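The structure appears below as structure tokens.
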There are 2 protein chains.
Amino acid sequence: METELIKEANCVAGTVKNTKPYSACLLFSANALARAITAIGDEEFGRFGLCYSHAYLLCEVVAQPGISPSQLSETLYLTPSTITRLVEKLESKRLVRRESEGKKTLIYPTSEGEALQPIVNEAWDRVGTRYSQLIGEKDVCQLTQQVFKAAQALGEGE
Amino acid sequence: METELIKEANCVAGTVKNTKPYSACLLFSANALARAITAIGDEEFGRFGLCYSHAYLLCEVVAQPGISPSQLSETLYLTPSTITRLVEKLESKRLVRRESEGKKTLIYPTSEGEALQPIVNEAWDRVGTRYSQLIGEKDVCQLTQQVFKAAQALGEGE
DNA sequence: TTGATTCTGTTGTATGTGCAAACAAATTTT
DNA sequence: AAAATTTGTTTGCACATACAACAGAATCAA
């Protein structure tokens with residue numbers, strides 16, 4: 001349809017007026033996708049009291065005991081202050097512990113944290129399965145790759 | 001590289017162990033993208049004290065005076081309660097006003113709100129230009145379309 | 001050695017968002 | 001007509017996230 005094409009054209013130019021171009025704006029679409037998929041993630045990880053970013057952080061700490069907040073910040077694409085808050089939460093659940101060494105902080109998993117990891121991985125499976133089914137398995141990998149590439153490009157460009 | 005391919009394979013299966021598969025997980029990538037692009041949006045819209053969702057909402061109200069929260073909720077893919085909060089904020093800035101009619105609520109732009117619209121559109125342009133340049137103009141439209149399609153699929157599948 | 005700068009991590013504060021519950025109005029059922 | 005249900009909107013609360021400011025440690029300069 002021609003009107004569709006016009007909307008698409010506007011998506012880059014951005015001179016959308018009354019044409020409801022939200023779906024053609026990446027700022028809008030990316031946030032909508034993030035909310036929708038986070039809902040799935042939080043539902044699965046929420047079964048054992050975590051949200052998706054806690055789960056990621058825990059996995060990373062288990063994989064690399066003694067990792068620093070700044071490393072986590074880079075890996076997870078999250079602000080240092082956010083990392084502090086997430087670690088605090090995981091600490092209050094006795095899943096990780098912090099050790100201060102000079103100005104550095106080392107984060108280690110507790111035995112409970114390590115024990116939880118397989119369960120986290122199962123939830124991860126379920127999340128992946130669910131969104132793959134809904135989106136279509138064929139498209140997911142490509143989409144993920146492109147989305148990540150875009151996120152990286154935006155992150156570096158600032 | 002073979003290791004890369006293995007990671008990709010894991011992205012669907014989700015059985016990632018210590019292979020740092022964050023970039024291969026849509027839950028992770030989508031959120032990273034959303035944060036990065038929202039940072040751009042909020043920077044531009046923040047010049048006049050709005051965040052990106054306020055800007056969207058304002059545009060929609062200007063385009064359709066008397067629109068209801070539930071309609072906005074559907075259009076913007078946001079929860080009714082979130083709409084209420086956004087409208088409250090815009091009301092406190094005297095950009096929209098609410099009228100109660102039975103159980104329904106009608107939202108109208110104020111003259112200030114209408115006057116702001118061109119400025120909002122300019123900011124919109126700048127946002128689009130900025131992320132298009134960083135991501136690559138060619139890829140943006142396709143990416144946006146796919147991201148939106150995925151968001152829709154997830155939204156309906158619940 | 002001492003002073004300045006830089007790096008790392010943590011807080012105070014603010015904000016967008018959602019869930020669950022409440023509430024009010026409208027509609028349907030009996 | 002009265003009761004029950006459904007619909008539209010708003011609140012109470014919680015939470016992830018970020019920015020700005022700060023504090024402590026390390027490094028560098030004089």
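Scheme for the structure tokens: letters A, B, ... for chains in order shown; per-chain residue numbers from 1; ligand numbers from 1 in order shown.
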
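Residues of chain A having any atom within 10 Å of chain D, counting only C-alpha atoms (C1' of nucleotides), are A:Cys51, A:Ser53, A:Leu78, A:Thr79, A:Pro80, A:Ser81, A:Thr82, A:Ile83, A:Arg85, A:Leu86, A:Glu101, A:Gly102, A:Lys103, A:Lys104.
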
Would you save the residues from that selection as an mmCIF file, in the first residue's frame, using C-alpha atoms?
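Output file out.cif is given in full below:
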data_model
loop_
_atom_site.group_PDB
_atom_site.id
_atom_site.type_symbol
_atom_site.label_atom_id
_atom_site.label_comp_id
_atom_site.auth_asym_id
_atom_site.auth_seq_id
_atom_site.Cartn_x
_atom_site.Cartn_y
_atom_site.Cartn_z
ATOM 1 C CA CYS A 51 14.138 -10.305 37.616
ATOM 2 C CA SER A 53 18.894 -8.539 35.156
ATOM 3 C CA LEU A 78 24.335 -1.147 32.651
ATOM 4 C CA THR A 79 25.429 1.850 34.686
ATOM 5 C CA PRO A 80 27.798 1.262 37.625
ATOM 6 C CA SER A 81 25.178 2.563 39.999
ATOM 7 C CA THR A 82 22.689 0.096 38.663
ATOM 8 C CA ILE A 83 25.188 -2.693 39.170
ATOM 9 C CA ARG A 85 21.896 -1.817 43.294
ATOM 10 C CA LEU A 86 21.535 -5.189 41.655
ATOM 11 C CA GLU A 101 40.112 -4.994 48.231
ATOM 12 C CA GLY A 102 41.565 -1.525 48.153
ATOM 13 C CA LYS A 103 39.381 0.590 45.939
ATOM 14 C CA LYS A 104 38.213 -2.453 44.091
#

Using only C-alpha atoms (C1' of nucleotides), determine which residues lie at most 12 Å from Leu72 in chain A, disregarding the query and same-chain residues fewer than 5 positions distant; provide the list as an NGL selection string. (:A and (53-54 or 56-61 or 63-67 or 77-84 or 86-87 or 105-107)) or (:B and (20 or 22))

Apply DSSP to the backbone of this structure and, from range 28-116 of chain B, keep only the residues in helix (DSSP H, G or I); write these as a CSV table (one decimal) with C-alpha atoms, in the first residue's frame.
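So the final result, stored in states_2.csv, reads:
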chain,number,residue,atom,x,y,z
B,28,PHE,CA,19.2,-8.8,26.8
B,29,SER,CA,19.7,-7.1,23.4
B,30,ALA,CA,16.3,-5.6,23.2
B,31,ASN,CA,16.7,-4.0,26.6
B,32,ALA,CA,20.2,-2.7,25.7
B,33,LEU,CA,18.9,-1.2,22.6
B,34,ALA,CA,15.9,0.4,24.3
B,35,ARG,CA,18.1,2.0,26.9
B,36,ALA,CA,20.6,3.3,24.4
B,37,ILE,CA,18.0,4.8,22.1
B,38,THR,CA,15.9,6.1,25.0
B,39,ALA,CA,19.0,8.0,26.1
B,40,ILE,CA,19.1,9.8,22.8
B,41,GLY,CA,15.3,10.5,22.9
B,42,ASP,CA,15.3,11.8,26.5
B,43,GLU,CA,18.3,14.0,25.6
B,44,GLU,CA,16.4,15.6,22.8
B,45,PHE,CA,13.0,15.8,24.4
B,46,GLY,CA,14.5,16.7,27.7
B,47,ARG,CA,15.5,20.1,26.2
B,48,PHE,CA,11.9,21.2,26.9
B,52,TYR,CA,10.0,10.4,25.0
B,53,SER,CA,6.8,8.9,26.2
B,54,HIS,CA,5.4,12.3,27.1
B,55,ALA,CA,6.2,13.5,23.7
B,56,TYR,CA,4.4,10.6,22.0
B,57,LEU,CA,1.4,11.1,24.2
B,58,LEU,CA,1.3,14.8,23.5
B,59,CYS,CA,1.4,14.2,19.8
B,60,GLU,CA,-1.4,11.7,20.0
B,61,VAL,CA,-3.6,14.0,22.0
B,62,VAL,CA,-3.0,16.9,19.6
B,63,ALA,CA,-3.8,14.7,16.7
B,69,PRO,CA,-6.7,6.8,28.3
B,70,SER,CA,-7.6,3.3,27.1
B,71,GLN,CA,-7.1,4.3,23.5
B,72,LEU,CA,-3.8,5.8,24.3
B,73,SER,CA,-2.9,2.7,26.2
B,74,GLU,CA,-3.5,0.6,23.0
B,75,THR,CA,-1.7,3.0,20.7
B,76,LEU,CA,1.3,3.5,22.9
B,80,PRO,CA,-3.5,2.2,31.6
B,81,SER,CA,-1.9,3.1,34.9
B,82,THR,CA,1.1,4.4,33.1
B,83,ILE,CA,-1.0,6.5,30.9
B,84,THR,CA,-2.7,8.0,33.9
B,85,ARG,CA,0.7,8.9,35.3
B,86,LEU,CA,2.0,10.4,32.0
B,87,VAL,CA,-1.2,12.4,31.6
B,88,GLU,CA,-0.8,13.7,35.2
B,89,LYS,CA,2.6,14.9,34.4
B,90,LEU,CA,1.6,16.6,31.2
B,91,GLU,CA,-1.3,18.1,33.0
B,92,SER,CA,1.0,19.6,35.6
B,111,SER,CA,-3.1,25.8,23.6
B,112,GLU,CA,0.4,25.5,25.1
B,113,GLY,CA,0.4,21.9,24.2
B,114,GLU,CA,-0.6,22.6,20.6
B,115,ALA,CA,2.0,25.3,20.4
B,116,LEU,CA,4.7,22.9,21.6

Please return, as a count of residues only, all residues of range 1-145 of chain B that DSSP assigns to strand (DSSP E or B) on the basis of the backbone. 13

Distance limit 8 Å, atoms considered: only C-alpha atoms (C1' of nucleotides). Which chain C residues sit that close to chain B? Return them as a ChimeraX atom specification. /C:17-18,24-26

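Compared by their closest atoms to chain A, and using only C-alpha atoms, the residues B:Leu50, B:Leu95, B:Val120, B:Leu154 rank with B:Leu154 nearest.
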
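Of the listed residues (B:Gly49, B:Leu26, B:Val127, B:Ser68), B:Leu26 comes nearest to chain A; the distances count only C-alpha atoms.
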
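One finds CA of Gly136 in chain B at 21.7 Å from CA of Ala151 in chain B.
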